[in-house]
Each structure stands twice: as structure tokens, then as C-alpha cells.
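Q: Mind looking over this structure? Questions follow.
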Amino acid sequence: MAMLEDCDEKTQLTEKTPDPPSPPPSPLTNDDMPLGNTPQLDIDEAIETVGCGPGTTLFCSAGYIFIVAEGAELVAMSVVGLMVQCEWGLSTGWVSALMCTAHLVHALTTPLVGDLGDRFGRKWIMLAGVVGIVVSGILSGLCSGVWQLIFLRGLLGVSSGAGGGPAASYISELPPLKYRTIGLSCLGLGWAIGTALSSAVAYFTIGHFGWRGYLIALSLVFSVTLPIFLLMPESPRYDFKKGNKKRTIQTLKKVAYMNCNGKAVGFALKAPPVDSSTEEPSNIYLRYKMLENTDSTQEFWLLVWCTIFNAFAYMTLIWVAPRFMRDGYCEPETPENQEDKMSCTFDKGVLFDMVVMGIAEPIATSIAIVLVDRVGRRPTFLTSGILAVILLSLLYICTPSSIYLIITSSLVRGTMAVAGWSTFLLAIELFPTSVRSFTSSVAGASFSGASVAASFASQAVYNYHPQLVVVMMQVTCFIGTWFIYLLKRETMGQQLQL
């Protein structure tokens, strides 16, 4: 009987003991991440935990290389356009067509390429773009006719469309907040280095190999960087937004390991916030409608118009710079001296002057990189725009002195480059991940569209009177600066929108 009573008491105790609570469901889809005491972070906290180091720098360098290649190739025809005109006996209209074909196609296709970057990822669009840039550049140096060259410049325009959207978005989404501004600021530095590199390669190659050898050599410089694009991972923010948390964790672990940050591999990701009222946009029109839903339409259009006017002023200077240097500014081209002016195009002194002008851009952009995080985006960009307008006034009193012209034009080019770069930085920081590649691509398309208009307008106005080109640059630069002023929102120190 005693044994039966003991059994009954054990049974009652067993029945009264509550079951242990079940563990909460894992926020991860990958099975190799044990929860336990593993901290659960959102995507911003995870990226901050991974930090910045050699891995982040290496993968972001792919985006910078793309921007450098884009800048170098898009302005290449401004360097050799007059040489092609002399060799093939082309009219000024044909030269303008050669100069602006890549920009025209770039303007038409960049929003489409940016949409592909938002739909299929940043990495593969960038890889396809850099391959297209290299191939089109090499074939441009081998072509035998003006129509072939125009077609290949169009192919370059399509390929370079990945720079304004996917590449810029990738650079903005990988580094932590502390280094993100520096990374985005280096976008403008990458374009500036590209334009300077284009002139530098021309200086060392055209004298020996002609303009064809220059185009081939410029493309071969970037062909050696293709392995970086193959090895780079997809953007972790993009994967997280698409719901691929397993690959997001793998990418962050890989970057943390390459950053030598062993403490940043033991975390789990929280589920992203879900808004059932909105769906992932599947085309350009729906992405624009999403901007309307977030009350960002006004900022979007202010950026578009700001880009158009700043780019028009900047590219006008780019297009007419060779003629500034060749003609000594105060000696317009006439039928009597046309042959002498053409032969002067091949002079190394003209190419050296353009190299000096190109160096002014990375110097000015480097200064702006320091200022945007200390005094803010808008004050820096407004100051650069106002300085550009003031410096353009100095060209009114320009004399045939080469030194005076080079110094003034270099200062103008540097300040205008900073004012133009501002729109790309704001196009990335003001908008969410689902439309970031699209908005930055539209900024790139606006830049290229203004470049096309500047190509034809600058040549026509310059033929009438060189000083009117300065007036045109001054007016458009002032309008672009005014649009920067109308953008009231400051983004310094803020996390990117998911």
C-alpha cells in the first residue's frame, strides 16, 4: 500500500508540473545560426557591428572603379573629338554628335538600368556594365567609320548606365553610417579622377599611338579590374529587403571576417518591418508612384532640375575646354586659321592644360568630402555653386595668357563639379532602398540629357562669340544653385531609409 501511495504522489506531482515554455521562433531562415544568447539586430545595427575595414573597402572599390571608368570614358570624346574631325574631315555637327551620342543613350537608358538594379540586384548589373564599357572602348579604337564610332559610343552609353544607379546604391548600402558619407562623397571624387585620368592617358598615348591607341589604352586600364566585380557579394541591404536573410548573414560574415572583426559574426537578424499596404514596385512607373506615396515627389523633381542645370553648366565647360585652350580663348576660329587651329589640337601643351584642369576636380571634391560631414550637405553645395558663379565672372576679363586661363578654368571646373556631385549624394540619401537605384539613375540620366544639350549649344554659341558661352554657363549654374537652396532637408548624420 505504501508503494502505491508513493506512485500516486509522483503521478500527481508529474501532472501538476507545467510544461516548459517553447522557445520563440527563429527570425532567421538559415539553420546554422544558433539563437541561445545570440543578439538579434536589425540591418542597420548589423552593418554597424560589422564595421569598416579591408573587406568593406575592397568591395566598395568595385563601385568606385565603375564610377572612374564611367567618368573617363564619357569625356573621352571631348579629348579626341577635334582630332577625329581633322582625320576624317568632319563638320562641327558631326563632332557634336560624336561627343554627345554616349550621353544621349545614357540619358535614355539609365533609368531602365537603374530599375534593373532594383529588381535583380546591384552586382550583376555592375558586372555587365563594366564589361560593356571595356568592349565598346576597345572596339572604338578599331573602328573605321563615323557610323561605327557612333554605334559604339551608344553601346558605351548603355553600359555606363549602371554607374548612376546600381554602383552608387551599392556604395551607399555596405558601409556603416560613420563611413557612409565618406563613401558617397568619394562618388564625386571617382568621377573627378576619371576625367583627370582620361586627360592623363591622352597625354602619354596620343603622341605615340594616336587617338585610336588612346581609346584602346583607356579601356585596357579598366579590364584588369574585372575579377573584383566577379568576387564582390550582393548588397546586404538589398538582400535583406528582398527577404534573403540567409545570404545577408553570409555576406555580413564574409565582410566581418575580411575586416578582421571576429566579434561581429555571432548575431541574428530581426525580421524587416512589413507594410502590407505597399507592394514591391515591378517597373519604373510603380517606383515613381511609390515616391508619391512617401511624399518625396517634390524633392525628386527638385533634384532632377538641379541636376539638369548644374550638369549643363559643367559639361559646357568640358566640351569647349579644348577649344578654349586651342584658340587662346580670344581668337575665334575662322576659315583662314582653321588648319592652324586643327594642327594645334595635337600639341602636347593643349593636352597638358587639360590634365591640369582635370586635377582641379579631385582636389575640390576632396575638400568637399571633409566639409559635408562638418557643416552639412546644403551649406557645402550652396557655397560651391555660388563660388562657381563668381569665378565664371573672371572669364569675362580673360586675356590670351595661358596661365590665367588655366587657373581660372580649373577653379571653375572644381567648384562646378562639387555642385553637380551634390545631386547624386542627395538622390541616394533622401529615398528608400526600393527606389534608391532608380532615383540615382534618374539623376544620372538628367546629367546625360543636359550634356547632350550642352554639346550642341556650346559649339553653336562659341562659334558666334566665346564670351556668350561664359554667360550661358553662369546663368545655368546660378539656376542649379537655386534649386539646391530649395531642397530644405538635411541628411547629415542620418541612417539610410530601408
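By convention here, the chains of the C-alpha cells are called A, B, ... in the order presented, each chain's residues are numbered starting at 1, and ligands are numbered starting at 1 in the order presented.
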List every residue of range 153-205 of chain A that has an atom at most 12 Å from any atom of range 221-231 of chain A, and for each one report the closest atom pair and its distance in Å to one decimal, counting only C-alpha atoms, with rows sorted by chain and then by increasing residue number, as a Markdown table.

A:
```
| residue | atom | partner | partner_atom | distance |
| --- | --- | --- | --- | --- |
| A:Ala167 | CA | A:Phe229 | CA | 10.9 |
| A:Tyr170 | CA | A:Phe229 | CA | 11.9 |
| A:Gly194 | CA | A:Phe222 | CA | 10.9 |
| A:Leu197 | CA | A:Val221 | CA | 10.1 |
| A:Ser198 | CA | A:Val221 | CA | 10.6 |
| A:Val201 | CA | A:Val221 | CA | 9.6 |
```

Q: Using only C-alpha atoms, find each residue of range 410-483 of chain A with at least one atom at most 12 Å away from an atom of range 75-99 of chain A; report its shortest atom-to-atom pair and that distance in Å (one decimal), sort the rows by chain and rising residue number, and return the result as a tab-separated table.

A:
```
residue	atom	partner	partner_atom	distance
A:Ser448	CA	A:Val75	CA	11.2
A:Ser451	CA	A:Met99	CA	9.2
A:Val452	CA	A:Met99	CA	8.2
A:Ala453	CA	A:Ser96	CA	10.0
A:Ala454	CA	A:Ser96	CA	9.6
A:Ser455	CA	A:Ser96	CA	5.9
A:Phe456	CA	A:Ser96	CA	6.0
A:Ala457	CA	A:Ser96	CA	9.5
A:Ser458	CA	A:Ser96	CA	9.5
A:Gln459	CA	A:Ser96	CA	7.6
A:Ala460	CA	A:Thr92	CA	8.9
A:Tyr462	CA	A:Thr92	CA	11.4
A:Asn463	CA	A:Thr92	CA	9.9
```

Q: Name all residues at most 9 Å from Leu392 in chain A (count only C-alpha atoms; drop same-chain ones fewer than 4 positions away) and give them as a ChimeraX atom specification.

A: /A:387-388,396,408-409,412,470-471,473-474

Q: Mind checking which residues fall within 10 Å of Leu112 in chain A, counting only C-alpha atoms, ignoring those fewer than 5 positions away in the same chain, and posting them as a list in words?

A: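 Here the qualifying residues turn out to be Ala107, Gly117, Asp118, Val158, Gly161, Ala162, Gly165, Asn283, Ile284, Phe438, Ser441, Val442 and Ala445 of chain A.
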
Q: Taking only C-alpha atoms into account, which of A:Ile182, A:Leu425, A:Ile150, A:Val131 comes nearest Ser366 in chain A?

A: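 Looking only at the distances to Ser366 in chain A, the closest residue turns out to be A:Ile182.
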
Q: When you draw a straight line from CA of Tyr64 in chain A to CA of Leu187 in chain A, how long is it in Å?

A: 6.6 Å

Q: Between A:Ala196, A:Leu215, A:Met416, A:Met126, which has the minimum distance to Thr481 in chain A (counting only C-alpha atoms)?

A: A:Met416

Q: As an exercise, work out the distance from CA of Ala69 in chain A to CA of Thr476 in chain A in Å and give it to one decimal place.

A: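 If I compute the distance from CA of Ala69 in chain A to CA of Thr476 in chain A, I get 27.0 Å.
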
Q: Which residues are near Thr423 in chain A? Cut-off 8 Å, only C-alpha atoms, ignore same chain within fewer than 2 positions. Put them as a list in words.

A: Leu303, Cys306, Thr307, Ala419, Gly420, Trp421, Leu425, Leu426, Ala427 and Ala443 of chain A

Q: Let's have the selection written as a PDB file, in the first residue's frame, with N, CA and C atoms.

A:
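To be explicit, this is the file written out as out-v7.pdb:
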```pdb
ATOM      1  N   LEU A 303      15.567  67.707 -57.362  1.00  0.00           N
ATOM      2  CA  LEU A 303      16.862  67.099 -57.696  1.00  0.00           C
ATOM      3  C   LEU A 303      17.054  66.986 -59.202  1.00  0.00           C
ATOM      4  N   CYS A 306      17.758  70.476 -60.552  1.00  0.00           N
ATOM      5  CA  CYS A 306      19.080  70.879 -60.065  1.00  0.00           C
ATOM      6  C   CYS A 306      20.174  70.198 -60.870  1.00  0.00           C
ATOM      7  N   THR A 307      20.007  68.896 -61.136  1.00  0.00           N
ATOM      8  CA  THR A 307      20.996  68.142 -61.907  1.00  0.00           C
ATOM      9  C   THR A 307      21.102  68.671 -63.322  1.00  0.00           C
ATOM     10  N   ALA A 419      29.268  71.105 -57.037  1.00  0.00           N
ATOM     11  CA  ALA A 419      27.841  71.440 -57.091  1.00  0.00           C
ATOM     12  C   ALA A 419      27.052  70.370 -57.840  1.00  0.00           C
ATOM     13  N   GLY A 420      27.627  69.842 -58.918  1.00  0.00           N
ATOM     14  CA  GLY A 420      26.937  68.801 -59.667  1.00  0.00           C
ATOM     15  C   GLY A 420      26.905  67.473 -58.945  1.00  0.00           C
ATOM     16  N   TRP A 421      27.983  67.150 -58.227  1.00  0.00           N
ATOM     17  CA  TRP A 421      28.045  65.879 -57.499  1.00  0.00           C
ATOM     18  C   TRP A 421      27.025  65.836 -56.367  1.00  0.00           C
ATOM     19  N   LEU A 425      24.584  62.567 -54.399  1.00  0.00           N
ATOM     20  CA  LEU A 425      24.618  62.242 -52.974  1.00  0.00           C
ATOM     21  C   LEU A 425      23.220  62.337 -52.367  1.00  0.00           C
ATOM     22  N   LEU A 426      22.489  63.401 -52.685  1.00  0.00           N
ATOM     23  CA  LEU A 426      21.146  63.583 -52.135  1.00  0.00           C
ATOM     24  C   LEU A 426      20.159  62.588 -52.731  1.00  0.00           C
ATOM     25  N   ALA A 427      20.337  62.222 -53.993  1.00  0.00           N
ATOM     26  CA  ALA A 427      19.443  61.246 -54.621  1.00  0.00           C
ATOM     27  C   ALA A 427      19.538  59.886 -53.952  1.00  0.00           C
ATOM     28  N   ALA A 443      18.895  60.749 -61.759  1.00  0.00           N
ATOM     29  CA  ALA A 443      19.848  61.858 -61.650  1.00  0.00           C
ATOM     30  C   ALA A 443      20.949  61.717 -62.705  1.00  0.00           C
TER      31      ALA A 443
END
```

Q: Nearest residue to Gly129 in chain A out of A:Ile206, A:Met357, A:Val469, A:Leu156, using only C-alpha atoms?

A: A:Leu156
